[in-house]
Amino acid sequence: MITSSRIYLVAITLLTVSFLTAVAQTSAPITVTTDKPTYSDGNTIIISGTVAEQLNIPISVIIKDSSNNIVYIAQTNPNSDNTYSTQAVAGGDLWKTTGTYEIDVTYGGQDKTSKTTFAFTPTSAQPPVSSSTANQTNPNQAVPEFGSLSAAIFAISILTVVILYTRVRTSFKF
């Protein structure tokens with residue numbers, strides 16, 4: 001009888017502590033909103049929100065299209081009253097598709113993020129690719145940094161390791 005009452009007492013204590021912890025949680029570390037739910041080419045997007053505390057670092061603002069491609073990156077600082085506001089112009093070379101775009105704001109780390117979405121509709125369709133422009137370099141194509149230079153350095157490094165190993169191989173006894 002005493003053992004079961006102790007179990008109930010422990011269970012009630014744990015439930016009480018967990019409830020009080022949930023009630024005592026503070027507000028979100030950062031919030032984000034836009035001034036309108038939809039935009040088209042040339043519209044100004046007003047992005048604003050609040051932060052729970054001042055960290056003396058900038059807030060990162062990233063806008064992604066419906067395919068998760070980044071179309072806008074910026075930073076802004078919170079005001080002394082823990083609010084922030086920045087503007088972005090919808091449209092341009094990267095804003096190609098109609099759909100739901102997402103704004104991600106981060107303030108001090110991945111645990112201090114917030115997201116919101118809006119609809120974007122381009123005012124004109126993208127021109128079709130002609131055969132004369134099809135052979136040109138795609139501006140969105142990834143170009144490896146240093147390209148062939150890094151491949152040559154890698155090959156020389158491997159060759160050097162092989163040569164050094166053959167010279168000192170006799171000193172390794174297995």
# chains A, B, ... in the order shown; residues from 1 in each chain; ligands from 1
call {"tool": "residues_around", "arguments": {"residues": "stretch 28-36 of chain A", "least_positions_apart": "5", "cutoff": "6 Å", "atoms": "only C-alpha atoms", "output": "VMD selection string"}}
result
chain A and resid 46 to 52 112 114
call {"tool": "closest_residue", "arguments": {"among": "A:Ser66, A:Thr44, A:Thr160, A:Lys96", "to": "A:Thr117", "atoms": "only C-alpha atoms"}}
result
A:Ser66
call {"tool": "residues_around", "arguments": {"residues": "A:Ala119", "least_positions_apart": "6", "cutoff": "9 Å", "atoms": "only C-alpha atoms", "output": "PyMOL selection string"}}
result
chain A and resi 37-40+98-102
call {"tool": "write_last_selection", "arguments": {"atoms": "N, CA, C and O atoms", "output": "tab-separated table (two decimals), in the first residue's frame"}}
result
chain	number	residue	atom	x	y	z
A	37	PRO	N	-0.22	39.00	-48.10
A	37	PRO	CA	-0.08	37.56	-48.36
A	37	PRO	C	0.38	37.23	-49.79
A	37	PRO	O	0.85	36.13	-50.03
A	38	THR	N	0.26	38.18	-50.74
A	38	THR	CA	0.65	37.90	-52.13
A	38	THR	C	1.43	39.08	-52.71
A	38	THR	O	1.19	40.24	-52.35
A	39	TYR	N	2.34	38.75	-53.63
A	39	TYR	CA	3.17	39.77	-54.29
A	39	TYR	C	3.36	39.38	-55.74
A	39	TYR	O	3.22	38.22	-56.12
A	40	SER	N	3.71	40.39	-56.57
A	40	SER	CA	4.11	40.13	-57.95
A	40	SER	C	5.36	40.95	-58.24
A	40	SER	O	5.85	41.68	-57.37
A	98	THR	N	5.84	30.82	-60.31
A	98	THR	CA	4.66	31.17	-59.52
A	98	THR	C	4.53	30.14	-58.41
A	98	THR	O	4.79	28.96	-58.62
A	99	GLY	N	4.17	30.59	-57.22
A	99	GLY	CA	3.98	29.63	-56.14
A	99	GLY	C	4.15	30.24	-54.78
A	99	GLY	O	4.16	31.46	-54.61
A	100	THR	N	4.30	29.36	-53.81
A	100	THR	CA	4.47	29.76	-52.41
A	100	THR	C	5.94	29.93	-52.11
A	100	THR	O	6.72	29.00	-52.30
A	101	TYR	N	6.31	31.11	-51.66
A	101	TYR	CA	7.69	31.40	-51.28
A	101	TYR	C	7.76	31.45	-49.76
A	101	TYR	O	6.79	31.79	-49.09
A	102	GLU	N	8.92	31.07	-49.22
A	102	GLU	CA	9.08	31.00	-47.77
A	102	GLU	C	10.15	31.98	-47.31
A	102	GLU	O	11.21	32.09	-47.92
call {"tool": "atom_distance", "arguments": {"atom1": "atom CA of A:Thr121", "atom2": "atom CA of A:Gln87"}}
result
18.0 Å
call {"tool": "atom_distance", "arguments": {"atom1": "atom CA of A:Ile45", "atom2": "atom CA of A:Trp95"}}
result
13.4 Å
